[in-house]
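So this block is entry-v7.txt, compact mmCIF, C-alpha atoms and all ligand atoms:
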```txt
# COMPACT_ATOMS: atom_id res chain seq x y z
CA MET C 22 4.01 -23.37 -55.69
CA THR C 23 4.01 -23.12 -51.92
CA THR C 24 4.96 -20.03 -49.96
CA SER C 25 5.70 -20.22 -46.29
CA ILE C 26 3.02 -19.22 -43.80
CA PRO C 27 4.38 -17.61 -40.63
CA PHE C 28 2.87 -18.23 -37.21
CA LEU C 29 2.63 -14.47 -36.72
CA ASP C 30 3.75 -11.54 -38.89
CA LEU C 31 3.94 -8.39 -36.77
CA GLY C 32 5.18 -6.47 -39.81
CA ARG C 33 1.73 -6.60 -41.38
CA ILE C 34 0.32 -4.90 -38.28
CA HIS C 35 3.08 -2.34 -37.81
CA ARG C 36 4.05 -1.28 -41.35
CA PRO C 37 0.91 0.83 -41.96
CA LEU C 38 1.48 2.57 -38.61
CA GLU C 39 5.13 3.55 -39.02
CA GLU C 40 4.42 7.26 -39.51
CA VAL C 41 2.15 7.24 -36.45
CA PHE C 42 4.96 5.65 -34.41
CA ILE C 43 7.44 8.33 -35.56
CA ARG C 44 5.04 11.04 -34.39
CA VAL C 45 4.77 9.31 -31.00
CA LEU C 46 8.55 9.24 -30.76
CA ARG C 47 8.75 12.97 -31.52
CA LYS C 48 6.05 13.71 -28.97
CA VAL C 49 7.78 11.79 -26.19
CA VAL C 50 11.11 13.50 -26.90
CA GLN C 51 9.43 16.90 -26.75
CA SER C 52 7.48 16.10 -23.58
CA ASN C 53 10.38 14.52 -21.66
CA GLY C 54 7.84 12.09 -20.26
CA PHE C 55 9.97 8.99 -20.59
CA ALA C 56 8.92 7.02 -17.50
CA LEU C 57 5.16 7.27 -16.86
CA GLY C 58 4.38 10.88 -17.84
CA PRO C 59 1.52 12.35 -19.89
CA MET C 60 1.44 9.68 -22.61
CA VAL C 61 1.08 6.89 -20.07
CA ALA C 62 -1.64 8.86 -18.25
CA GLU C 63 -3.45 9.26 -21.57
CA PHE C 64 -3.17 5.55 -22.33
CA GLU C 65 -4.55 4.72 -18.88
CA GLN C 66 -7.60 6.87 -19.68
CA ASP C 67 -8.00 5.26 -23.10
CA PHE C 68 -7.62 1.70 -21.86
CA SER C 69 -9.86 2.03 -18.80
CA SER C 70 -12.68 3.45 -20.91
CA TYR C 71 -12.09 0.75 -23.54
CA CYS C 72 -12.34 -1.92 -20.80
CA GLU C 73 -15.35 -0.25 -19.19
CA ALA C 74 -13.35 -0.14 -15.95
CA LYS C 75 -12.98 2.77 -13.54
CA HIS C 76 -9.17 2.63 -13.31
CA CYS C 77 -6.22 1.45 -15.34
CA VAL C 78 -2.73 1.38 -13.80
CA ALA C 79 -0.05 0.93 -16.45
CA VAL C 80 3.04 -1.05 -15.48
CA SER C 81 6.14 -2.55 -17.05
CA SER C 82 4.87 -6.05 -17.94
CA GLY C 83 2.07 -8.53 -17.48
CA THR C 84 4.12 -10.37 -14.90
CA ASP C 85 4.53 -7.16 -12.88
CA ALA C 86 0.79 -6.50 -13.23
CA LEU C 87 0.12 -9.87 -11.56
CA VAL C 88 2.79 -9.36 -8.89
CA LEU C 89 1.53 -5.89 -7.95
CA ALA C 90 -2.12 -6.99 -7.94
CA LEU C 91 -1.24 -9.83 -5.55
CA ARG C 92 0.81 -7.50 -3.34
CA ALA C 93 -1.87 -4.80 -3.29
CA LEU C 94 -4.45 -7.38 -2.20
CA GLY C 95 -2.19 -8.46 0.66
CA VAL C 96 -1.12 -11.83 -0.73
CA GLY C 97 2.27 -12.92 0.52
CA ARG C 98 4.17 -15.51 2.51
CA ARG C 99 2.29 -18.55 3.83
CA HIS C 100 -0.65 -17.79 1.54
CA GLU C 101 -1.96 -19.99 -1.25
CA VAL C 102 -3.30 -18.83 -4.58
CA ILE C 103 -5.40 -21.05 -6.83
CA THR C 104 -4.70 -21.11 -10.56
CA VAL C 105 -4.38 -23.50 -13.50
CA PRO C 106 -1.36 -25.56 -14.62
CA ASN C 107 -1.93 -24.91 -18.37
CA THR C 108 -0.91 -21.29 -18.64
CA PHE C 109 2.19 -19.28 -19.39
CA ILE C 110 4.68 -19.68 -16.53
CA ALA C 111 4.23 -16.03 -15.47
CA THR C 112 0.86 -16.72 -13.83
CA ALA C 113 2.41 -19.13 -11.32
CA GLU C 114 5.67 -17.21 -11.19
CA ALA C 115 3.91 -14.06 -9.95
CA ILE C 116 2.38 -16.08 -7.09
CA SER C 117 5.82 -17.42 -6.16
CA LEU C 118 7.44 -13.99 -6.47
CA VAL C 119 5.23 -12.58 -3.70
CA GLY C 120 6.18 -15.55 -1.50
CA ALA C 121 2.88 -17.41 -1.84
CA LYS C 122 2.30 -20.94 -3.08
CA PRO C 123 0.56 -21.73 -6.36
CA VAL C 124 -2.18 -24.33 -5.91
CA PHE C 125 -3.32 -25.81 -9.19
CA VAL C 126 -6.81 -26.84 -10.23
CA ASP C 127 -7.38 -28.95 -13.33
CA VAL C 128 -9.15 -27.60 -16.39
CA ASP C 129 -12.38 -28.37 -18.17
CA PRO C 130 -11.29 -30.66 -21.05
CA ALA C 131 -13.66 -28.96 -23.50
CA THR C 132 -12.63 -25.35 -22.90
CA LEU C 133 -9.20 -25.78 -21.25
CA LEU C 134 -10.33 -23.05 -18.81
CA ILE C 135 -10.30 -23.53 -15.03
CA ASP C 136 -12.77 -26.24 -13.97
CA VAL C 137 -15.02 -24.16 -11.72
CA GLU C 138 -16.42 -27.32 -10.09
CA GLU C 139 -12.93 -28.19 -8.80
CA ILE C 140 -12.11 -24.87 -7.15
CA GLU C 141 -13.78 -25.35 -3.78
CA ALA C 142 -11.94 -28.60 -3.06
CA ALA C 143 -8.63 -26.73 -3.43
CA ILE C 144 -9.48 -23.99 -0.89
CA THR C 145 -7.71 -24.18 2.49
CA ASP C 146 -7.29 -21.83 5.46
CA HIS C 147 -4.26 -20.37 3.64
CA THR C 148 -6.02 -19.56 0.36
CA ARG C 149 -6.20 -15.83 -0.36
CA ALA C 150 -6.94 -15.51 -4.07
CA ILE C 151 -7.96 -17.23 -7.29
CA ILE C 152 -6.31 -16.38 -10.62
CA PRO C 153 -8.40 -17.66 -13.52
CA VAL C 154 -6.71 -17.35 -16.92
CA ASP C 155 -8.59 -16.22 -20.03
CA LEU C 156 -6.63 -18.74 -22.04
CA PHE C 157 -6.17 -18.21 -25.80
CA GLY C 158 -8.43 -15.13 -25.57
CA CYS C 159 -11.54 -16.80 -24.13
CA PRO C 160 -12.81 -15.44 -20.78
CA ALA C 161 -13.16 -17.90 -17.89
CA ASP C 162 -16.56 -18.07 -16.15
CA ILE C 163 -15.73 -15.11 -13.95
CA ASP C 164 -19.15 -14.58 -12.30
CA ALA C 165 -19.23 -18.21 -11.10
CA ILE C 166 -15.66 -17.86 -9.82
CA ARG C 167 -16.45 -14.59 -8.02
CA LYS C 168 -19.41 -16.28 -6.33
CA ILE C 169 -17.13 -18.99 -4.92
CA ALA C 170 -14.56 -16.38 -3.90
CA ASP C 171 -17.17 -14.34 -2.03
CA ARG C 172 -18.33 -17.43 -0.13
CA HIS C 173 -14.76 -17.93 1.17
CA ALA C 174 -13.66 -14.25 1.40
CA LEU C 175 -11.07 -14.62 -1.39
CA PHE C 176 -9.91 -12.20 -4.07
CA VAL C 177 -10.22 -12.85 -7.80
CA ILE C 178 -7.41 -11.63 -10.05
CA GLU C 179 -8.22 -12.25 -13.68
CA ASP C 180 -5.22 -13.05 -15.89
CA ALA C 181 -6.41 -11.42 -19.12
CA CYS C 182 -2.94 -11.27 -20.67
CA GLN C 183 -4.34 -13.09 -23.74
CA ALA C 184 -7.80 -11.51 -23.85
CA HIS C 185 -7.67 -7.77 -24.64
CA GLY C 186 -11.06 -6.80 -26.03
CA ALA C 187 -12.86 -10.09 -25.32
CA ARG C 188 -16.37 -9.96 -23.89
CA TYR C 189 -18.10 -11.99 -21.19
CA LYS C 190 -21.90 -11.91 -21.07
CA GLY C 191 -21.67 -8.79 -23.24
CA ARG C 192 -19.30 -6.96 -20.91
CA ARG C 193 -15.68 -6.18 -21.72
CA VAL C 194 -12.85 -8.12 -20.04
CA GLY C 195 -11.16 -5.73 -17.62
CA GLY C 196 -14.49 -4.43 -16.32
CA LEU C 197 -15.90 -7.75 -15.08
CA SER C 198 -16.44 -9.06 -11.56
CA ALA C 199 -12.76 -9.75 -10.74
CA HIS C 200 -11.24 -7.49 -8.06
CA ALA C 201 -8.38 -6.76 -10.46
CA THR C 202 -7.68 -7.72 -14.07
CA CYS C 203 -4.14 -8.03 -15.41
CA PHE C 204 -3.00 -7.43 -18.97
CA SER C 205 0.29 -7.88 -20.79
CA PHE C 206 1.34 -5.74 -23.75
CA TYR C 207 4.21 -7.99 -24.75
CA PRO C 208 4.60 -7.42 -28.52
CA ILE C 209 2.83 -10.61 -29.67
CA LYS C 210 -0.33 -10.08 -27.57
CA ASN C 211 -3.58 -8.90 -29.19
CA LEU C 212 -2.62 -5.40 -28.02
CA GLY C 213 1.17 -5.27 -27.96
CA ALA C 214 3.66 -2.54 -27.18
CA LEU C 215 6.80 -2.04 -29.27
CA GLY C 216 8.61 -3.40 -26.26
CA GLU C 217 7.33 -4.45 -22.84
CA GLY C 218 4.25 -3.29 -20.96
CA GLY C 219 1.36 -4.33 -18.75
CA ALA C 220 -1.65 -2.96 -16.88
CA ILE C 221 -4.11 -3.65 -14.11
CA THR C 222 -7.73 -2.53 -14.38
CA THR C 223 -10.04 -2.25 -11.36
CA ASP C 224 -13.14 -0.41 -10.17
CA ASP C 225 -11.68 -0.09 -6.66
CA ASP C 226 -10.36 3.46 -5.93
CA ILE C 227 -8.19 2.44 -2.99
CA LEU C 228 -6.71 -0.53 -4.79
CA ALA C 229 -5.87 1.65 -7.82
CA GLU C 230 -4.10 4.21 -5.65
CA HIS C 231 -2.14 1.48 -3.89
CA LEU C 232 -1.10 0.00 -7.25
CA ARG C 233 0.12 3.43 -8.44
CA SER C 234 2.30 3.63 -5.36
CA LEU C 235 3.57 0.04 -5.65
CA ARG C 236 4.72 0.50 -9.26
CA ASP C 237 6.81 3.50 -8.21
CA HIS C 238 8.94 2.35 -5.26
CA GLY C 239 6.06 2.42 -2.78
CA GLN C 240 5.93 6.18 -3.05
CA ALA C 241 2.82 7.69 -1.47
CA GLU C 242 3.94 11.25 -2.17
CA LYS C 243 7.25 12.63 -3.37
CA HIS C 244 10.09 11.27 -1.19
CA VAL C 245 7.67 9.46 1.12
CA HIS C 246 8.04 5.71 0.62
CA GLN C 247 5.25 3.95 2.43
CA GLU C 248 6.53 0.44 1.83
CA VAL C 249 9.36 -1.42 0.12
CA SER C 250 8.31 -2.07 -3.45
CA GLN C 251 9.92 -1.93 -6.87
CA ASN C 252 10.15 -0.07 -10.16
CA ALA C 253 7.37 -1.27 -12.44
CA ARG C 254 6.72 1.94 -14.36
CA MET C 255 5.57 1.89 -17.98
CA HIS C 256 7.79 3.75 -20.46
CA GLY C 257 6.21 6.96 -21.80
CA ILE C 258 6.83 5.93 -25.38
CA GLN C 259 5.03 2.60 -24.90
CA GLY C 260 1.99 4.48 -23.57
CA GLY C 261 1.99 6.50 -26.83
CA PHE C 262 2.38 3.43 -29.03
CA LEU C 263 -0.35 1.60 -27.12
CA SER C 264 -2.87 4.48 -27.40
CA ALA C 265 -2.24 4.54 -31.15
CA LYS C 266 -2.63 0.77 -31.51
CA LEU C 267 -5.68 0.59 -29.23
CA GLN C 268 -7.71 2.40 -31.92
CA HIS C 269 -7.25 -0.64 -34.17
CA LEU C 270 -7.76 -3.38 -31.58
CA ASP C 271 -11.42 -4.08 -32.37
CA ASP C 272 -10.66 -4.34 -36.11
CA TRP C 273 -7.72 -6.65 -35.45
CA ASN C 274 -9.81 -8.82 -33.12
CA GLY C 275 -12.52 -8.87 -35.78
CA GLU C 276 -9.98 -10.21 -38.28
CA ARG C 277 -8.91 -12.88 -35.79
CA ARG C 278 -12.55 -13.92 -35.36
CA GLN C 279 -13.01 -14.17 -39.13
CA ILE C 280 -9.93 -16.34 -39.47
CA ALA C 281 -11.15 -18.53 -36.59
CA ALA C 282 -14.56 -18.88 -38.28
CA GLN C 283 -12.86 -19.89 -41.53
CA TYR C 284 -10.82 -22.53 -39.67
CA ASP C 285 -13.96 -23.72 -37.83
CA ARG C 286 -15.85 -24.22 -41.09
CA ALA C 287 -13.05 -26.06 -42.85
CA LEU C 288 -11.88 -28.22 -39.95
CA SER C 289 -15.29 -29.29 -38.62
CA GLU C 290 -15.46 -32.03 -41.25
CA LEU C 291 -12.07 -33.53 -40.37
CA ASN C 292 -12.53 -36.30 -37.83
CA ILE C 293 -8.90 -36.29 -36.65
CA ILE C 294 -9.14 -32.69 -35.44
CA VAL C 295 -11.13 -31.05 -32.65
CA SER C 296 -11.68 -27.30 -33.15
CA PRO C 297 -11.80 -24.93 -30.15
CA THR C 298 -15.03 -25.17 -28.16
CA THR C 299 -17.20 -22.09 -27.96
CA VAL C 300 -18.69 -21.18 -24.59
CA GLU C 301 -22.07 -19.50 -24.38
CA TRP C 302 -20.92 -16.68 -22.10
CA ALA C 303 -17.96 -15.51 -24.17
CA GLU C 304 -17.04 -13.50 -27.21
CA PRO C 305 -13.40 -14.63 -27.49
CA VAL C 306 -10.62 -12.75 -29.30
CA PHE C 307 -8.52 -15.72 -30.49
CA HIS C 308 -5.13 -14.72 -29.23
CA LEU C 309 -4.42 -18.27 -30.37
CA TYR C 310 -6.41 -20.76 -32.44
CA VAL C 311 -5.72 -24.08 -30.76
CA ILE C 312 -6.87 -27.40 -32.21
CA ARG C 313 -6.60 -30.81 -30.57
CA THR C 314 -5.50 -34.00 -32.25
CA LYS C 315 -4.12 -37.32 -31.03
CA TRP C 316 -1.63 -37.08 -33.92
CA ARG C 317 -0.29 -33.72 -32.80
CA ASP C 318 3.42 -34.29 -33.42
CA ALA C 319 2.84 -35.89 -36.82
CA CYS C 320 0.46 -33.08 -37.68
CA ARG C 321 2.98 -30.45 -36.70
CA ALA C 322 5.75 -32.13 -38.74
CA PHE C 323 3.42 -32.48 -41.74
CA LEU C 324 2.62 -28.74 -41.63
CA ALA C 325 6.28 -27.83 -41.12
CA GLU C 326 7.18 -29.77 -44.30
CA ARG C 327 4.72 -27.53 -46.10
CA GLN C 328 6.33 -24.40 -44.64
CA ILE C 329 3.42 -23.77 -42.27
CA ALA C 330 4.56 -22.60 -38.84
CA THR C 331 2.69 -23.77 -35.73
CA GLY C 332 3.15 -23.49 -31.96
CA ILE C 333 2.33 -25.39 -28.77
CA HIS C 334 0.85 -23.41 -25.86
CA TYR C 335 2.07 -24.96 -23.70
CA PRO C 336 4.01 -28.23 -24.09
CA THR C 337 4.70 -28.73 -20.36
CA PRO C 338 2.11 -27.95 -17.66
CA ILE C 339 3.59 -25.72 -14.96
CA HIS C 340 3.44 -28.32 -12.18
CA LEU C 341 5.85 -30.46 -14.21
CA GLN C 342 8.29 -27.65 -15.02
CA PRO C 343 11.80 -27.92 -13.51
CA ALA C 344 11.20 -24.63 -11.66
CA TYR C 345 8.40 -26.27 -9.66
CA THR C 346 9.98 -29.60 -8.75
CA HIS C 347 10.05 -28.35 -5.12
CA LEU C 348 6.24 -28.62 -5.06
CA GLU C 349 6.74 -32.35 -5.74
CA PHE C 350 3.88 -32.92 -8.13
CA LEU C 351 3.74 -36.27 -9.90
CA ALA C 352 2.78 -36.75 -13.51
CA GLY C 353 -0.95 -37.54 -13.46
CA SER C 354 -1.78 -34.89 -10.84
CA PHE C 355 -3.83 -32.86 -13.31
CA PRO C 356 -4.86 -35.36 -15.98
CA GLU C 357 -6.90 -33.02 -18.20
CA ALA C 358 -4.18 -30.39 -18.42
CA GLU C 359 -1.55 -33.07 -19.05
CA LYS C 360 -3.58 -34.82 -21.73
CA ALA C 361 -4.24 -31.50 -23.44
CA ALA C 362 -0.52 -30.63 -23.41
CA SER C 363 0.18 -33.65 -25.63
CA GLU C 364 -2.67 -32.95 -28.08
CA ILE C 365 -2.83 -29.18 -28.58
CA LEU C 366 -1.53 -27.39 -31.64
CA SER C 367 -1.72 -23.64 -32.28
CA LEU C 368 -2.36 -22.72 -35.93
CA PRO C 369 -1.28 -19.41 -37.50
CA ILE C 370 -3.69 -16.57 -36.71
CA PHE C 371 -2.90 -12.85 -36.84
CA PRO C 372 -4.35 -9.63 -38.25
CA GLY C 373 -3.33 -9.36 -41.89
CA MET C 374 -3.31 -13.13 -42.48
CA THR C 375 -5.09 -13.66 -45.79
CA GLY C 376 -8.04 -15.93 -46.52
CA ARG C 377 -5.80 -17.67 -49.05
CA GLU C 378 -3.26 -18.44 -46.31
CA VAL C 379 -5.96 -19.83 -44.02
CA ASP C 380 -7.20 -22.00 -46.93
CA CYS C 381 -3.68 -23.22 -47.45
CA VAL C 382 -3.42 -24.39 -43.79
CA CYS C 383 -6.85 -26.05 -44.04
CA GLU C 384 -5.93 -27.81 -47.30
CA ALA C 385 -2.78 -29.20 -45.72
CA LEU C 386 -4.77 -30.49 -42.73
CA ARG C 387 -7.36 -31.98 -45.08
CA SER C 388 -4.73 -33.89 -47.02
CA LEU C 389 -3.25 -35.15 -43.74
CA ALA C 390 -6.72 -36.32 -42.63
CA ASP C 391 -7.14 -38.10 -45.99
CA THR C 392 -3.87 -40.02 -45.61
CA ALA C 393 -4.72 -40.88 -41.97
CA SER C 394 -8.12 -42.40 -42.79
C1 LIG R 1 2.03 -13.11 -21.63
C2 LIG R 1 1.40 -13.65 -20.43
C3 LIG R 1 1.79 -13.24 -19.13
C4 LIG R 1 3.00 -12.40 -18.84
O1 LIG R 1 3.13 -11.22 -19.50
P1 LIG R 1 4.57 -10.52 -19.68
O2 LIG R 1 4.18 -9.17 -20.21
O3 LIG R 1 5.31 -11.34 -20.68
O4 LIG R 1 5.24 -10.45 -18.38
C5 LIG R 1 1.06 -13.73 -18.06
N1 LIG R 1 0.04 -14.58 -18.22
C6 LIG R 1 -0.34 -15.02 -19.44
C7 LIG R 1 -1.49 -15.97 -19.55
C8 LIG R 1 0.34 -14.58 -20.58
O5 LIG R 1 -0.04 -15.04 -21.79
```
Kindly transcribe the structure held in the file into structure tokens.
Amino acid sequence: MTTSIPFLDLGRIHRPLEEVFIRVLRKVVQSNGFALGPMVAEFEQDFSSYCEAKHCVAVSSGTDALVLALRALGVGRRHEVITVPNTFIATAEAISLVGAKPVFVDVDPATLLIDVEEIEAAITDHTRAIIPVDLFGCPADIDAIRKIADRHALFVIEDACQAHGARYKGRRVGGLSAHATCFSFYPIKNLGALGEGGAITTDDDILAEHLRSLRDHGQAEKHVHQEVSQNARMHGIQGGFLSAKLQHLDDWNGERRQIAAQYDRALSELNIIVSPTTVEWAEPVFHLYVIRTKWRDACRAFLAERQIATGIHYPTPIHLQPAYTHLEFLAGSFPEAEKAASEILSLPIFPGMTGREVDCVCEALRSLADTAS
């Protein structure tokens, strides 16, 4: 008998916490702190100490975290920002939203993280910042990137929207050598709100204060608006939910690592599949477990027939998205990212996924490998 295996089952994470969530709801109603307020302030404390960072500024989404970080660092029109083409659209979108131009650098084919060797060739007189992405929960080589940035007086904004809790050379993402680190608390992330949310962490006092103003209509003090900005405040209730869920993040990431290890062991013997590469500097948190295979589409269909859900992150590199046709990139501009896009497949991985379910996915892949050879 086969039962279906979901790509992600948030219910398994949330059901045991329902009573906790009800208490948060009661607390927010009693405090009247609906937009920012005491529960958001408390979450900022909790998350900055978790990240080993001096400050955390909570905002309304990961996209807004990136937009405000760029704005606070003075990135705007006529500027260029270096990033990768194989990320969620929001990374590039944030650059465009502040009026700057995304400049893409290809990725290392083994890790799918930014190819640090390629960064310098992409720097021009207009470059202001680099946004490396901690893709699938694995930190980019941030110290090497910061070194390049310092040589050219650029800012580093780390997109850690998929890497809550990951470590780099033993240190926690969010407290590394980037000038600012951006997180998303979209529900499916390793730490997810019950709605939308985001945050920026930084050790820079002035930057943190500027970000607090930018998220609240450029307000420097009550009724004094220093600059035209926007509303990017976090909801009070999401701050409460996030503080409650943060207490479980390390356990949940531990479960993800165990599932990844189980996949690694089972898939290493299948010659049609390449498991994710481990990098020596990182302790990743497996937001996604992404394999590579030349038979990706067949593999995906084969798993779907067996009721096993999979995903592709992401099927189209950003430079080839309709939204970026104005940048006039041709197919072949970033060969590693493009090749990866046709070969990657994300397998189910989430806290609460059972060993039996992981076995079931591995068995299906094994039988596919047997028929292919
Ligand atoms: C999710 C995500 C974002 C955007 O976060 P939102 O909260 O959805 O706005 C940005 N970058 C990456 C890499 C992401 O995975």
Task: Nearby residues, ligand LIG 1 (chain R), 9 Å, all atoms listed in the file, as a PyMOL selection string - done: chain C and resi 81-87+108-115+154-157+180-184+203-210+217-219
Filtering to C-alpha atoms, could you give me those residues as a PDB file, in the frame of the given file?
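Wrote again20.pdb, looks like this:
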```pdb
ATOM      1  CA  SER C  81       6.140  -2.550 -17.050  1.00  0.00           C
ATOM      2  CA  SER C  82       4.870  -6.050 -17.940  1.00  0.00           C
ATOM      3  CA  GLY C  83       2.070  -8.530 -17.480  1.00  0.00           C
ATOM      4  CA  THR C  84       4.120 -10.370 -14.900  1.00  0.00           C
ATOM      5  CA  ASP C  85       4.530  -7.160 -12.880  1.00  0.00           C
ATOM      6  CA  ALA C  86       0.790  -6.500 -13.230  1.00  0.00           C
ATOM      7  CA  LEU C  87       0.120  -9.870 -11.560  1.00  0.00           C
ATOM      8  CA  THR C 108      -0.910 -21.290 -18.640  1.00  0.00           C
ATOM      9  CA  PHE C 109       2.190 -19.280 -19.390  1.00  0.00           C
ATOM     10  CA  ILE C 110       4.680 -19.680 -16.530  1.00  0.00           C
ATOM     11  CA  ALA C 111       4.230 -16.030 -15.470  1.00  0.00           C
ATOM     12  CA  THR C 112       0.860 -16.720 -13.830  1.00  0.00           C
ATOM     13  CA  ALA C 113       2.410 -19.130 -11.320  1.00  0.00           C
ATOM     14  CA  GLU C 114       5.670 -17.210 -11.190  1.00  0.00           C
ATOM     15  CA  ALA C 115       3.910 -14.060  -9.950  1.00  0.00           C
ATOM     16  CA  VAL C 154      -6.710 -17.350 -16.920  1.00  0.00           C
ATOM     17  CA  ASP C 155      -8.590 -16.220 -20.030  1.00  0.00           C
ATOM     18  CA  LEU C 156      -6.630 -18.740 -22.040  1.00  0.00           C
ATOM     19  CA  PHE C 157      -6.170 -18.210 -25.800  1.00  0.00           C
ATOM     20  CA  ASP C 180      -5.220 -13.050 -15.890  1.00  0.00           C
ATOM     21  CA  ALA C 181      -6.410 -11.420 -19.120  1.00  0.00           C
ATOM     22  CA  CYS C 182      -2.940 -11.270 -20.670  1.00  0.00           C
ATOM     23  CA  GLN C 183      -4.340 -13.090 -23.740  1.00  0.00           C
ATOM     24  CA  ALA C 184      -7.800 -11.510 -23.850  1.00  0.00           C
ATOM     25  CA  CYS C 203      -4.140  -8.030 -15.410  1.00  0.00           C
ATOM     26  CA  PHE C 204      -3.000  -7.430 -18.970  1.00  0.00           C
ATOM     27  CA  SER C 205       0.290  -7.880 -20.790  1.00  0.00           C
ATOM     28  CA  PHE C 206       1.340  -5.740 -23.750  1.00  0.00           C
ATOM     29  CA  TYR C 207       4.210  -7.990 -24.750  1.00  0.00           C
ATOM     30  CA  PRO C 208       4.600  -7.420 -28.520  1.00  0.00           C
ATOM     31  CA  ILE C 209       2.830 -10.610 -29.670  1.00  0.00           C
ATOM     32  CA  LYS C 210      -0.330 -10.080 -27.570  1.00  0.00           C
ATOM     33  CA  GLU C 217       7.330  -4.450 -22.840  1.00  0.00           C
ATOM     34  CA  GLY C 218       4.250  -3.290 -20.960  1.00  0.00           C
ATOM     35  CA  GLY C 219       1.360  -4.330 -18.750  1.00  0.00           C
TER      36      GLY C 219
END
```
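CA of Ala362 in chain C to CA of Arg313 in chain C spans 9.4 Å [interatomic distance, one decimal].
Nearest residue to Lys122 in chain C among C:Lys243, C:Tyr345, C:Asp171, C:Ser354 is C:Tyr345, counting only C-alpha atoms.
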Padded axis-aligned box of range 56-74 of chain C (4 Å per side), centre and edge lengths, Å, one decimal, as lines of an AutoDock Vina configuration file:
```
center_x = -3.2
center_y = 5.2
center_z = -19.7
size_x = 32.3
size_y = 22.3
size_z = 15.6
```
- [ ] May I have the residues within 10 Å of Arg44 in chain C as a ChimeraX atom specification, using only C-alpha atoms and disregarding those fewer than 6 positions away in the same chain?
- [x] /C:50,261-262
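A straight line drawn from CA of Gln259 in chain C to CA of Arg47 in chain C is 12.9 Å long.
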Task: Point (7.2, 8.8, -17.8), cut-off 12 Å, counting all atoms listed in the file, residues as a ChimeraX atom specification - done: /C:49-50,52-64,79-81,237,253-261
Task: Contacts of Ile329 in chain C at 7 Å (all atoms listed in the file; same-chain gap of 5+ positions) as a list in words - done: Ser25, Ile26, Pro27 and Leu324 of chain C
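Separating CA of Glu301 in chain C from CA of Thr337 in chain C is a distance of 28.6 Å.
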TODO: Tell me, as a PyMOL selection string, which residues lie within 9 Å of range 158-162 of chain C, counting all atoms listed in the file; anything in the same chain fewer than 2 positions away does not count.
DONE: chain C and resi 132+134-135+137+153-156+164-167+179+181-189+194+211+299-300+302-309
Task: Spatial neighbours of Ile103 in chain C, 10 Å, all atoms listed in the file, chain gap at least 4 places, as a PyMOL selection string - done: chain C and resi 113+116+122-126+135+140-141+143-144+148-153+177
Would you put the residues from that selection into a file with C-alpha atoms, as a PDB file, keeping the file's coordinate frame?
```
ATOM      1  CA  ALA C 113       2.410 -19.130 -11.320  1.00  0.00           C
ATOM      2  CA  ILE C 116       2.380 -16.080  -7.090  1.00  0.00           C
ATOM      3  CA  LYS C 122       2.300 -20.940  -3.080  1.00  0.00           C
ATOM      4  CA  PRO C 123       0.560 -21.730  -6.360  1.00  0.00           C
ATOM      5  CA  VAL C 124      -2.180 -24.330  -5.910  1.00  0.00           C
ATOM      6  CA  PHE C 125      -3.320 -25.810  -9.190  1.00  0.00           C
ATOM      7  CA  VAL C 126      -6.810 -26.840 -10.230  1.00  0.00           C
ATOM      8  CA  ILE C 135     -10.300 -23.530 -15.030  1.00  0.00           C
ATOM      9  CA  ILE C 140     -12.110 -24.870  -7.150  1.00  0.00           C
ATOM     10  CA  GLU C 141     -13.780 -25.350  -3.780  1.00  0.00           C
ATOM     11  CA  ALA C 143      -8.630 -26.730  -3.430  1.00  0.00           C
ATOM     12  CA  ILE C 144      -9.480 -23.990  -0.890  1.00  0.00           C
ATOM     13  CA  THR C 148      -6.020 -19.560   0.360  1.00  0.00           C
ATOM     14  CA  ARG C 149      -6.200 -15.830  -0.360  1.00  0.00           C
ATOM     15  CA  ALA C 150      -6.940 -15.510  -4.070  1.00  0.00           C
ATOM     16  CA  ILE C 151      -7.960 -17.230  -7.290  1.00  0.00           C
ATOM     17  CA  ILE C 152      -6.310 -16.380 -10.620  1.00  0.00           C
ATOM     18  CA  PRO C 153      -8.400 -17.660 -13.520  1.00  0.00           C
ATOM     19  CA  VAL C 177     -10.220 -12.850  -7.800  1.00  0.00           C
TER      20      VAL C 177
END
```
Task: Test item: residues at most 8 Å from Arg321 in chain C, all atoms listed in the file, excluding those fewer than 3 positions along its chain, as a PyMOL selection string - done: chain C and resi 317-318+324-325+331+366
Residue rebuild result range 98-103 of chain C, N, CA and C atoms as a PDB file, in the coordinates of the input:
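The resulting file, part.pdb, is reproduced below:
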```pdb
ATOM      1  N   ARG C  98       3.639 -14.260   1.963  1.00  0.00           N
ATOM      2  CA  ARG C  98       4.170 -15.510   2.510  1.00  0.00           C
ATOM      3  C   ARG C  98       3.111 -16.275   3.299  1.00  0.00           C
ATOM      4  N   ARG C  99       3.201 -17.601   3.189  1.00  0.00           N
ATOM      5  CA  ARG C  99       2.290 -18.550   3.830  1.00  0.00           C
ATOM      6  C   ARG C  99       0.880 -18.552   3.225  1.00  0.00           C
ATOM      7  N   HIS C 100       0.660 -17.763   2.203  1.00  0.00           N
ATOM      8  CA  HIS C 100      -0.650 -17.790   1.540  1.00  0.00           C
ATOM      9  C   HIS C 100      -0.629 -18.727   0.337  1.00  0.00           C
ATOM     10  N   GLU C 101      -1.810 -19.165  -0.043  1.00  0.00           N
ATOM     11  CA  GLU C 101      -1.960 -19.990  -1.250  1.00  0.00           C
ATOM     12  C   GLU C 101      -2.844 -19.264  -2.243  1.00  0.00           C
ATOM     13  N   VAL C 102      -2.512 -19.440  -3.514  1.00  0.00           N
ATOM     14  CA  VAL C 102      -3.300 -18.830  -4.580  1.00  0.00           C
ATOM     15  C   VAL C 102      -3.644 -19.928  -5.594  1.00  0.00           C
ATOM     16  N   ILE C 103      -4.925 -20.011  -5.915  1.00  0.00           N
ATOM     17  CA  ILE C 103      -5.400 -21.050  -6.830  1.00  0.00           C
ATOM     18  C   ILE C 103      -5.314 -20.569  -8.277  1.00  0.00           C
TER      19      ILE C 103
END
```
